[in-house]
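Q: So I've got this file, target.tsv, and it contains TSV, N, CA and C atoms:
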chain	number	residue	atom	x	y	z
A	1	ASP	N	-24.35	-11.67	-19.48
A	1	ASP	CA	-23.27	-10.70	-19.45
A	1	ASP	C	-22.78	-10.52	-18.03
A	2	GLY	N	-21.49	-10.37	-17.89
A	2	GLY	CA	-20.91	-10.19	-16.58
A	2	GLY	C	-19.47	-9.74	-16.70
A	3	ALA	N	-18.84	-9.64	-15.56
A	3	ALA	CA	-17.44	-9.23	-15.51
A	3	ALA	C	-16.56	-10.32	-16.12
A	4	SER	N	-15.48	-9.90	-16.73
A	4	SER	CA	-14.53	-10.83	-17.33
A	4	SER	C	-13.18	-10.65	-16.64
A	5	TRP	N	-12.78	-11.64	-15.85
A	5	TRP	CA	-11.51	-11.60	-15.15
A	5	TRP	C	-10.43	-12.26	-16.00
A	6	GLU	N	-9.21	-11.71	-15.92
A	6	GLU	CA	-8.07	-12.26	-16.64
A	6	GLU	C	-6.88	-12.33	-15.71
A	7	ALA	N	-6.29	-13.50	-15.54
A	7	ALA	CA	-5.13	-13.67	-14.66
A	7	ALA	C	-3.96	-12.85	-15.19
A	8	GLN	N	-3.21	-12.25	-14.26
A	8	GLN	CA	-2.03	-11.46	-14.58
A	8	GLN	C	-0.80	-12.15	-14.02
A	9	THR	N	0.36	-11.84	-14.54
A	9	THR	CA	1.61	-12.42	-14.08
A	9	THR	C	2.16	-11.61	-12.90
A	10	SER	N	2.48	-12.30	-11.82
A	10	SER	CA	3.05	-11.67	-10.63
A	10	SER	C	4.54	-11.97	-10.54
A	11	PRO	N	5.35	-10.99	-10.13
A	11	PRO	CA	6.78	-11.25	-9.96
A	11	PRO	C	7.10	-11.93	-8.63
A	12	VAL	N	6.09	-12.14	-7.77
A	12	VAL	CA	6.31	-12.76	-6.46
A	12	VAL	C	5.34	-13.91	-6.26
A	13	LYS	N	5.65	-14.76	-5.29
A	13	LYS	CA	4.80	-15.91	-4.98
A	13	LYS	C	4.05	-15.75	-3.66
A	14	GLU	N	4.42	-14.76	-2.84
A	14	GLU	CA	3.74	-14.60	-1.56
A	14	GLU	C	2.33	-14.04	-1.74
A	15	ASP	N	1.55	-14.07	-0.65
A	15	ASP	CA	0.17	-13.59	-0.71
A	15	ASP	C	0.12	-12.09	-0.94
A	16	LEU	N	-0.74	-11.66	-1.83
A	16	LEU	CA	-0.97	-10.25	-2.12
A	16	LEU	C	-2.30	-9.87	-1.50
A	17	LEU	N	-2.33	-8.74	-0.76
A	17	LEU	CA	-3.44	-8.47	0.14
A	17	LEU	C	-4.25	-7.23	-0.17
A	18	SER	N	-3.72	-6.27	-0.91
A	18	SER	CA	-4.47	-5.05	-1.20
A	18	SER	C	-3.94	-4.42	-2.49
A	19	VAL	N	-4.82	-3.73	-3.21
A	19	VAL	CA	-4.46	-3.10	-4.48
A	19	VAL	C	-5.08	-1.72	-4.56
A	20	LYS	N	-4.37	-0.78	-5.18
A	20	LYS	CA	-4.87	0.58	-5.38
A	20	LYS	C	-4.36	1.10	-6.72
A	21	PHE	N	-5.27	1.63	-7.53
A	21	PHE	CA	-4.90	2.27	-8.79
A	21	PHE	C	-5.27	3.74	-8.74
A	22	ILE	N	-4.42	4.57	-9.32
A	22	ILE	CA	-4.71	5.99	-9.57
A	22	ILE	C	-4.74	6.12	-11.08
A	23	GLY	N	-5.92	6.26	-11.64
A	23	GLY	CA	-6.05	6.30	-13.09
A	23	GLY	C	-5.95	4.90	-13.67
A	24	ARG	N	-5.79	4.85	-14.95
A	24	ARG	CA	-5.82	3.59	-15.68
A	24	ARG	C	-4.48	2.85	-15.66
A	25	ASP	N	-3.36	3.58	-15.54
A	25	ASP	CA	-2.05	2.95	-15.70
A	25	ASP	C	-1.26	2.71	-14.42
A	26	LYS	N	-1.37	3.62	-13.44
A	26	LYS	CA	-0.50	3.55	-12.26
A	26	LYS	C	-1.22	2.87	-11.10
A	27	GLY	N	-0.58	1.79	-10.57
A	27	GLY	CA	-1.18	1.06	-9.47
A	27	GLY	C	-0.14	0.39	-8.60
A	28	TRP	N	-0.59	0.00	-7.40
A	28	TRP	CA	0.27	-0.61	-6.40
A	28	TRP	C	-0.44	-1.79	-5.77
A	29	ILE	N	0.32	-2.77	-5.35
A	29	ILE	CA	-0.17	-3.92	-4.61
A	29	ILE	C	0.75	-4.11	-3.40
A	30	CYS	N	0.17	-4.50	-2.26
A	30	CYS	CA	0.99	-4.85	-1.11
A	30	CYS	C	0.65	-6.26	-0.66
A	31	GLY	N	1.59	-6.87	0.10
A	31	GLY	CA	1.38	-8.23	0.54
A	31	GLY	C	2.32	-8.65	1.64
A	32	THR	N	2.35	-9.96	1.86
A	32	THR	CA	3.19	-10.51	2.93
A	32	THR	C	4.66	-10.28	2.62
A	33	HIS	N	5.49	-10.40	3.64
A	33	HIS	CA	6.95	-10.23	3.52
A	33	HIS	C	7.34	-8.81	3.12
A	34	GLY	N	6.49	-7.80	3.46
A	34	GLY	CA	6.82	-6.41	3.16
A	34	GLY	C	6.76	-6.08	1.69
A	35	THR	N	6.00	-6.83	0.94
A	35	THR	CA	5.94	-6.67	-0.51
A	35	THR	C	5.15	-5.44	-0.93
A	36	VAL	N	5.73	-4.63	-1.81
A	36	VAL	CA	5.01	-3.59	-2.54
A	36	VAL	C	5.39	-3.73	-4.01
A	37	LEU	N	4.38	-3.86	-4.85
A	37	LEU	CA	4.58	-3.93	-6.29
A	37	LEU	C	4.02	-2.67	-6.93
A	38	LEU	N	4.66	-2.20	-8.01
A	38	LEU	CA	4.26	-1.00	-8.74
A	38	LEU	C	4.09	-1.34	-10.21
A	39	THR	N	3.00	-0.85	-10.81
A	39	THR	CA	2.83	-0.91	-12.26
A	39	THR	C	2.61	0.50	-12.77
A	40	GLU	N	3.18	0.79	-13.93
A	40	GLU	CA	2.95	2.08	-14.57
A	40	GLU	C	2.42	1.87	-15.99
A	41	ASP	N	2.03	0.61	-16.28
A	41	ASP	CA	1.51	0.31	-17.61
A	41	ASP	C	0.17	-0.44	-17.54
A	42	GLY	N	-0.61	-0.10	-16.51
A	42	GLY	CA	-1.93	-0.70	-16.39
A	42	GLY	C	-1.93	-2.15	-16.00
A	43	GLY	N	-0.87	-2.62	-15.35
A	43	GLY	CA	-0.81	-4.00	-14.87
A	43	GLY	C	-0.19	-4.99	-15.83
A	44	LYS	N	0.29	-4.52	-16.98
A	44	LYS	CA	0.97	-5.44	-17.90
A	44	LYS	C	2.24	-5.99	-17.28
A	45	SER	N	2.92	-5.14	-16.49
A	45	SER	CA	4.11	-5.58	-15.78
A	45	SER	C	4.10	-4.96	-14.38
A	46	TRP	N	4.71	-5.66	-13.44
A	46	TRP	CA	4.80	-5.23	-12.05
A	46	TRP	C	6.26	-5.29	-11.61
A	47	GLU	N	6.69	-4.27	-10.87
A	47	GLU	CA	8.05	-4.22	-10.35
A	47	GLU	C	7.99	-4.17	-8.83
A	48	GLN	N	8.83	-4.98	-8.19
A	48	GLN	CA	8.86	-4.98	-6.73
A	48	GLN	C	9.69	-3.80	-6.23
A	49	MET	N	9.13	-3.03	-5.28
A	49	MET	CA	9.79	-1.87	-4.72
A	49	MET	C	10.41	-2.23	-3.37
A	50	PRO	N	11.60	-1.70	-3.05
A	50	PRO	CA	12.23	-2.02	-1.76
A	50	PRO	C	11.51	-1.32	-0.60
A	51	THR	N	11.20	-2.08	0.46
A	51	THR	CA	10.59	-1.50	1.66
A	51	THR	C	11.44	-1.71	2.91
A	52	ASN	N	12.35	-2.68	2.89
A	52	ASN	CA	13.15	-3.05	4.05
A	52	ASN	C	12.27	-3.49	5.22
A	53	ILE	N	11.08	-3.97	4.93
A	53	ILE	CA	10.14	-4.50	5.91
A	53	ILE	C	9.85	-5.95	5.50
A	54	PHE	N	9.73	-6.82	6.49
A	54	PHE	CA	9.44	-8.21	6.17
A	54	PHE	C	8.15	-8.69	6.83
A	55	LEU	N	7.41	-7.76	7.44
A	55	LEU	CA	6.11	-8.06	8.02
A	55	LEU	C	5.04	-7.96	6.94
A	56	PRO	N	3.88	-8.60	7.15
A	56	PRO	CA	2.79	-8.45	6.18
A	56	PRO	C	2.32	-7.00	6.08
A	57	LEU	N	2.14	-6.54	4.85
A	57	LEU	CA	1.55	-5.24	4.57
A	57	LEU	C	0.16	-5.52	4.01
A	58	THR	N	-0.86	-5.02	4.69
A	58	THR	CA	-2.23	-5.47	4.45
A	58	THR	C	-3.14	-4.45	3.80
A	59	GLY	N	-2.75	-3.19	3.78
A	59	GLY	CA	-3.60	-2.16	3.18
A	59	GLY	C	-2.76	-1.07	2.53
A	60	ILE	N	-3.27	-0.53	1.42
A	60	ILE	CA	-2.53	0.50	0.69
A	60	ILE	C	-3.52	1.50	0.12
A	61	ASP	N	-3.15	2.79	0.17
A	61	ASP	CA	-3.96	3.82	-0.45
A	61	ASP	C	-3.05	4.98	-0.85
A	62	PHE	N	-3.52	5.74	-1.82
A	62	PHE	CA	-2.78	6.91	-2.31
A	62	PHE	C	-3.71	8.10	-2.36
A	63	ALA	N	-3.20	9.26	-1.93
A	63	ALA	CA	-3.95	10.51	-2.03
A	63	ALA	C	-3.92	11.02	-3.46
A	64	ASP	N	-2.81	10.76	-4.15
A	64	ASP	CA	-2.61	11.17	-5.54
A	64	ASP	C	-1.53	10.27	-6.12
A	65	ALA	N	-1.04	10.55	-7.28
A	65	ALA	CA	-0.07	9.66	-7.94
A	65	ALA	C	1.28	9.61	-7.24
A	66	SER	N	1.57	10.55	-6.33
A	66	SER	CA	2.86	10.58	-5.64
A	66	SER	C	2.80	10.14	-4.19
A	67	ASN	N	1.77	10.56	-3.45
A	67	ASN	CA	1.72	10.41	-2.00
A	67	ASN	C	0.83	9.26	-1.57
A	68	GLY	N	1.47	8.28	-0.90
A	68	GLY	CA	0.72	7.10	-0.48
A	68	GLY	C	1.19	6.54	0.83
A	69	THR	N	0.39	5.63	1.35
A	69	THR	CA	0.67	4.96	2.63
A	69	THR	C	0.32	3.49	2.51
A	70	VAL	N	1.15	2.67	3.12
A	70	VAL	CA	0.86	1.25	3.25
A	70	VAL	C	0.94	0.92	4.74
A	71	ILE	N	0.01	0.05	5.20
A	71	ILE	CA	-0.05	-0.30	6.61
A	71	ILE	C	-0.01	-1.81	6.75
A	72	GLY	N	0.27	-2.27	7.99
A	72	GLY	CA	0.34	-3.71	8.16
A	72	GLY	C	0.47	-4.18	9.58
A	73	ALA	N	1.11	-5.35	9.73
A	73	ALA	CA	1.24	-6.03	11.01
A	73	ALA	C	2.00	-5.18	12.02
A	74	GLU	N	1.64	-5.36	13.29
A	74	GLU	CA	2.31	-4.71	14.41
A	74	GLU	C	2.32	-3.19	14.28
A	75	GLY	N	1.28	-2.62	13.67
A	75	GLY	CA	1.17	-1.17	13.55
A	75	GLY	C	2.11	-0.56	12.53
A	76	THR	N	2.61	-1.35	11.60
A	76	THR	CA	3.54	-0.86	10.59
A	76	THR	C	2.86	0.19	9.69
A	77	VAL	N	3.53	1.32	9.49
A	77	VAL	CA	3.07	2.36	8.58
A	77	VAL	C	4.27	2.83	7.76
A	78	LEU	N	4.14	2.75	6.43
A	78	LEU	CA	5.17	3.27	5.51
A	78	LEU	C	4.52	4.32	4.63
A	79	THR	N	5.28	5.37	4.30
A	79	THR	CA	4.77	6.39	3.38
A	79	THR	C	5.74	6.58	2.23
A	80	THR	N	5.19	7.10	1.14
A	80	THR	CA	5.99	7.45	-0.03
A	80	THR	C	5.55	8.81	-0.53
A	81	MET	N	6.50	9.56	-1.07
A	81	MET	CA	6.18	10.84	-1.70
A	81	MET	C	6.63	10.85	-3.16
A	82	ASN	N	7.04	9.67	-3.66
A	82	ASN	CA	7.50	9.60	-5.06
A	82	ASN	C	6.82	8.46	-5.82
A	83	GLY	N	5.56	8.26	-5.52
A	83	GLY	CA	4.79	7.27	-6.26
A	83	GLY	C	5.10	5.83	-5.93
A	84	GLY	N	5.71	5.58	-4.78
A	84	GLY	CA	5.98	4.22	-4.36
A	84	GLY	C	7.34	3.68	-4.74
A	85	LYS	N	8.19	4.51	-5.30
A	85	LYS	CA	9.53	4.04	-5.67
A	85	LYS	C	10.40	3.82	-4.43
A	86	THR	N	10.22	4.66	-3.40
A	86	THR	CA	10.89	4.47	-2.11
A	86	THR	C	9.86	4.68	-1.00
A	87	TRP	N	10.10	4.01	0.13
A	87	TRP	CA	9.17	4.03	1.27
A	87	TRP	C	9.92	4.38	2.54
A	88	THR	N	9.29	5.17	3.41
A	88	THR	CA	9.86	5.56	4.69
A	88	THR	C	8.96	5.02	5.80
A	89	ARG	N	9.57	4.37	6.76
A	89	ARG	CA	8.81	3.83	7.89
A	89	ARG	C	8.56	4.93	8.90
A	90	LEU	N	7.30	5.07	9.33
A	90	LEU	CA	6.92	6.03	10.36
A	90	LEU	C	6.87	5.34	11.72
A	91	ASP	N	6.85	6.13	12.78
A	91	ASP	CA	6.64	5.57	14.11
A	91	ASP	C	5.30	4.85	14.14
A	92	ARG	N	5.26	3.72	14.80
A	92	ARG	CA	4.03	2.93	14.87
A	92	ARG	C	3.00	3.66	15.74
A	93	PRO	N	1.81	3.89	15.21
A	93	PRO	CA	0.78	4.55	16.01
A	93	PRO	C	0.10	3.60	16.99
A	94	THR	N	0.31	2.29	16.83
A	94	THR	CA	-0.33	1.26	17.64
A	94	THR	C	0.48	-0.02	17.51
A	95	GLU	N	0.27	-0.93	18.43
A	95	GLU	CA	0.88	-2.25	18.34
A	95	GLU	C	-0.03	-3.21	17.58
A	96	SER	N	-1.29	-2.81	17.37
A	96	SER	CA	-2.28	-3.66	16.71
A	96	SER	C	-1.95	-3.84	15.23
A	97	ASN	N	-2.36	-4.98	14.69
A	97	ASN	CA	-2.23	-5.19	13.26
A	97	ASN	C	-3.23	-4.28	12.54
A	98	LEU	N	-2.73	-3.46	11.63
A	98	LEU	CA	-3.58	-2.58	10.83
A	98	LEU	C	-3.97	-3.31	9.55
A	99	THR	N	-5.21	-3.14	9.11
A	99	THR	CA	-5.70	-3.92	7.98
A	99	THR	C	-6.23	-3.09	6.83
A	100	GLY	N	-6.57	-1.82	7.05
A	100	GLY	CA	-7.11	-0.99	5.99
A	100	GLY	C	-6.73	0.45	6.19
A	101	VAL	N	-6.54	1.18	5.10
A	101	VAL	CA	-6.17	2.59	5.16
A	101	VAL	C	-6.89	3.33	4.05
A	102	SER	N	-7.29	4.58	4.32
A	102	SER	CA	-7.99	5.38	3.32
A	102	SER	C	-7.67	6.85	3.51
A	103	TYR	N	-7.24	7.50	2.43
A	103	TYR	CA	-7.05	8.94	2.45
A	103	TYR	C	-8.39	9.64	2.30
A	104	VAL	N	-8.60	10.69	3.11
A	104	VAL	CA	-9.77	11.56	2.98
A	104	VAL	C	-9.37	12.77	2.14
A	105	THR	N	-8.22	13.33	2.47
A	105	THR	CA	-7.58	14.39	1.70
A	105	THR	C	-6.09	14.08	1.68
A	106	SER	N	-5.29	14.88	1.00
A	106	SER	CA	-3.85	14.64	0.98
A	106	SER	C	-3.23	14.87	2.35
A	107	LYS	N	-3.97	15.49	3.29
A	107	LYS	CA	-3.45	15.78	4.63
A	107	LYS	C	-4.15	15.01	5.74
A	108	LYS	N	-5.08	14.10	5.38
A	108	LYS	CA	-5.79	13.34	6.41
A	108	LYS	C	-6.09	11.94	5.90
A	109	MET	N	-5.82	10.93	6.77
A	109	MET	CA	-6.15	9.56	6.44
A	109	MET	C	-6.64	8.83	7.68
A	110	TRP	N	-7.29	7.72	7.44
A	110	TRP	CA	-7.79	6.84	8.49
A	110	TRP	C	-7.22	5.45	8.27
A	111	ALA	N	-6.98	4.74	9.38
A	111	ALA	CA	-6.56	3.35	9.32
A	111	ALA	C	-7.39	2.57	10.35
A	112	VAL	N	-7.64	1.31	10.03
A	112	VAL	CA	-8.36	0.43	10.96
A	112	VAL	C	-7.56	-0.86	11.12
A	113	GLY	N	-7.88	-1.58	12.20
A	113	GLY	CA	-7.16	-2.81	12.43
A	113	GLY	C	-7.87	-3.74	13.38
A	114	LEU	N	-7.15	-4.76	13.78
A	114	LEU	CA	-7.70	-5.79	14.64
A	114	LEU	C	-8.03	-5.22	16.02
A	115	GLY	N	-8.97	-5.88	16.69
A	115	GLY	CA	-9.33	-5.49	18.05
A	115	GLY	C	-10.04	-4.16	18.14
A	116	GLY	N	-10.71	-3.75	17.07
A	116	GLY	CA	-11.44	-2.48	17.09
A	116	GLY	C	-10.58	-1.25	16.93
A	117	THR	N	-9.38	-1.39	16.42
A	117	THR	CA	-8.47	-0.26	16.26
A	117	THR	C	-8.96	0.68	15.17
A	118	ILE	N	-9.07	1.96	15.51
A	118	ILE	CA	-9.38	3.03	14.56
A	118	ILE	C	-8.37	4.14	14.81
A	119	MET	N	-7.64	4.54	13.78
A	119	MET	CA	-6.63	5.58	13.89
A	119	MET	C	-6.86	6.66	12.85
A	120	ARG	N	-6.69	7.94	13.24
A	120	ARG	CA	-6.75	9.06	12.29
A	120	ARG	C	-5.38	9.72	12.28
A	121	CYS	N	-4.94	10.10	11.10
A	121	CYS	CA	-3.65	10.78	10.95
A	121	CYS	C	-3.86	12.07	10.21
A	122	ASP	N	-3.42	13.17	10.81
A	122	ASP	CA	-3.43	14.49	10.18
A	122	ASP	C	-1.98	14.93	9.98
A	123	TRP	N	-1.66	15.35	8.77
A	123	TRP	CA	-0.29	15.79	8.46
A	123	TRP	C	-0.13	17.25	8.79
Could you express the structure from this file as structure tokens?

A:
Amino acid sequence: DGASWEAQTSPVKEDLLSVKFIGRDKGWICGTHGTVLLTEDGGKSWEQMPTNIFLPLTGIDFADASNGTVIGAEGTVLTTMNGGKTWTRLDRPTESNLTGVSYVTSKKMWAVGLGGTIMRCDW
């Protein structure tokens, strides 16, 4: 007995780098070329969301079903307050490539990146 993996259909061909689900149905994926994908049916279908970013997005996390952050190359940070339907670019906290992000609370998150980069954000 073990895990059973099943391939899913992607609407894009570029590399996908991070995934986050809130509950069973709502989830997001980020990847190269500024890609953010959204599913609201448990991954049966994925829709590409506009980011106006073309750099790799390497990490994604959500505090809840509405508020999330995606991070990436050259210190890129995007946030959403509507479940990932639209994204706003924030000022870059660093020039380093960011690779992972995690919410602690809806008002505090951490990001890490290349070269020993550790960043904390308080809203």

Q: Adding 3 Å on each side of the box along x, y and z that holds all listed atoms of region 106-123 of chain A, could you give its centre and edge lengths in Å to one decimal, as lines of an AutoDock Vina configuration file?

A:
center_x = -5.8
center_y = 5.7
center_z = 9.6
size_x = 17.3
size_y = 29.1
size_z = 23.2

Q: One decimal, Å: what's the distance from atom N of Lys85 (chain A) over to atom C of Asp25 (chain A), could you say?

A: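 Result for atom N of Lys85 (chain A) versus atom C of Asp25 (chain A): 13.3 Å, one decimal.
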
Q: Can you pull out the residues contacting Asn67 (chain A)? Cut-off 6 Å, using all atoms listed in the file, and skip same-chain residues under 6 positions away; I want them as a PDB file with N, CA and C atoms, keeping the file's coordinate frame.

A:
ATOM      1  N   ASP A  61      -3.150   2.790   0.170  1.00  0.00           N
ATOM      2  CA  ASP A  61      -3.960   3.820  -0.450  1.00  0.00           C
ATOM      3  C   ASP A  61      -3.050   4.980  -0.850  1.00  0.00           C
ATOM      4  N   THR A  80       5.190   7.100   1.140  1.00  0.00           N
ATOM      5  CA  THR A  80       5.990   7.450  -0.030  1.00  0.00           C
ATOM      6  C   THR A  80       5.550   8.810  -0.530  1.00  0.00           C
ATOM      7  N   MET A  81       6.500   9.560  -1.070  1.00  0.00           N
ATOM      8  CA  MET A  81       6.180  10.840  -1.700  1.00  0.00           C
ATOM      9  C   MET A  81       6.630  10.850  -3.160  1.00  0.00           C
ATOM     10  N   ASN A  82       7.040   9.670  -3.660  1.00  0.00           N
ATOM     11  CA  ASN A  82       7.500   9.600  -5.060  1.00  0.00           C
ATOM     12  C   ASN A  82       6.820   8.460  -5.820  1.00  0.00           C
ATOM     13  N   GLY A  83       5.560   8.260  -5.520  1.00  0.00           N
ATOM     14  CA  GLY A  83       4.790   7.270  -6.260  1.00  0.00           C
ATOM     15  C   GLY A  83       5.100   5.830  -5.930  1.00  0.00           C
TER      16      GLY A  83
END

Q: Taking only N, CA and C atoms into account, which of A:Leu38, A:Leu16, A:Ala73, A:Cys30 comes nearest Thr94 (chain A)?

A: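 Going through A:Leu38, A:Leu16, A:Ala73, A:Cys30 one by one, the smallest distance to Thr94 (chain A) is for A:Ala73.
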
Q: Just give me the residues with any atom within 8 Å of (2.5, -11.7, 10.9), file coordinates, counting all atoms listed in the file, written as a PDB file with N, CA and C atoms, in the coordinates of the input.

A:
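Output (out01.pdb):
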ATOM      1  N   HIS A  33       5.490 -10.400   3.640  1.00  0.00           N
ATOM      2  CA  HIS A  33       6.950 -10.230   3.520  1.00  0.00           C
ATOM      3  C   HIS A  33       7.340  -8.810   3.120  1.00  0.00           C
ATOM      4  N   PHE A  54       9.730  -6.820   6.490  1.00  0.00           N
ATOM      5  CA  PHE A  54       9.440  -8.210   6.170  1.00  0.00           C
ATOM      6  C   PHE A  54       8.150  -8.690   6.830  1.00  0.00           C
ATOM      7  N   LEU A  55       7.410  -7.760   7.440  1.00  0.00           N
ATOM      8  CA  LEU A  55       6.110  -8.060   8.020  1.00  0.00           C
ATOM      9  C   LEU A  55       5.040  -7.960   6.940  1.00  0.00           C
ATOM     10  N   PRO A  56       3.880  -8.600   7.150  1.00  0.00           N
ATOM     11  CA  PRO A  56       2.790  -8.450   6.180  1.00  0.00           C
ATOM     12  C   PRO A  56       2.320  -7.000   6.080  1.00  0.00           C
ATOM     13  N   LEU A  57       2.140  -6.540   4.850  1.00  0.00           N
ATOM     14  CA  LEU A  57       1.550  -5.240   4.570  1.00  0.00           C
ATOM     15  C   LEU A  57       0.160  -5.520   4.010  1.00  0.00           C
ATOM     16  N   GLY A  72       0.270  -2.270   7.990  1.00  0.00           N
ATOM     17  CA  GLY A  72       0.340  -3.710   8.160  1.00  0.00           C
ATOM     18  C   GLY A  72       0.470  -4.180   9.580  1.00  0.00           C
ATOM     19  N   ALA A  73       1.110  -5.350   9.730  1.00  0.00           N
ATOM     20  CA  ALA A  73       1.240  -6.030  11.010  1.00  0.00           C
ATOM     21  C   ALA A  73       2.000  -5.180  12.020  1.00  0.00           C
ATOM     22  N   GLU A  74       1.640  -5.360  13.290  1.00  0.00           N
ATOM     23  CA  GLU A  74       2.310  -4.710  14.410  1.00  0.00           C
ATOM     24  C   GLU A  74       2.320  -3.190  14.280  1.00  0.00           C
TER      25      GLU A  74
END

Q: So which residues touch Gly27 (chain A) within 12 Å, counting only C-alpha atoms, skipping near sequence neighbours fewer than 5 positions away, as a PyMOL selection string?

A: chain A and resi 18-22+36-47+60-62+64-66+68+83-85

Q: So that each row is one residue of region 3-98 of chain A with an atom at most 8 Å from region 108-120 of chain A, can you give its shortest atom pair and the distance in Å to one decimal, using only C-alpha atoms, rows by chain and rising number, as CSV?

A:
residue,atom,partner,partner_atom,distance
A:Ile71,CA,A:Ala111,CA,7.9
A:Pro93,CA,A:Met119,CA,7.8
A:Ser96,CA,A:Leu114,CA,6.2
A:Asn97,CA,A:Gly113,CA,5.5
A:Leu98,CA,A:Gly113,CA,3.9

Q: If you run DSSP on the backbone here, which positions in chain A get strand (DSSP E)? Please write them as a PyMOL selection string.

A: chain A and resi 16-22+26-31+35-39+47-49+57-62+68-72+77-80+88-89+98-105+108-113+117-122

Q: When you draw a straight line from CA of Thr51 (chain A) to CA of Gly34 (chain A), how long is it in Å?

A: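 Going from CA of Thr51 (chain A) over to CA of Gly34 (chain A) covers 6.4 Å.
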
Q: For each of A:Asp122, A:Thr58, A:Val70, A:Gly31, take the minimum atom-to-atom distance to Glu14 (chain A), counting all atoms listed in the file, then give the residue where this is smallest.

A: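 Counting all atoms listed in the file, the residue closest to Glu14 (chain A) is A:Gly31.
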
Q: Out of A:Trp5, A:Ser10, A:Arg24, A:Ala63, which residue has the shortest atom-to-atom distance to Thr105 (chain A) when counting only N, CA and C atoms?

A: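 Of A:Trp5, A:Ser10, A:Arg24, A:Ala63, the one nearest Thr105 (chain A) is A:Ala63, counting only N, CA and C atoms.
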
Q: Please, which residues of chain A, numbered as in this document, come out helix (DSSP H, G or I) from DSSP, as a PyMOL selection string?

A: chain A and resi 32-34+73-75+114-116

Q: Provide the atom N of Thr86 (chain A) to atom C of Thr35 (chain A) distance in Å, to one decimal place.

A: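 Straight-line distance from atom N of Thr86 (chain A) to atom C of Thr35 (chain A) works out to 11.6 Å.
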
Q: Kindly indicate which residue among A:Ile29, A:Leu90, A:Val77, A:Val104 lies nearest to Leu17 (chain A), using all atoms listed in the file for the distances.

A: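 Among the listed residues, A:Ile29 lies closest to Leu17 (chain A).
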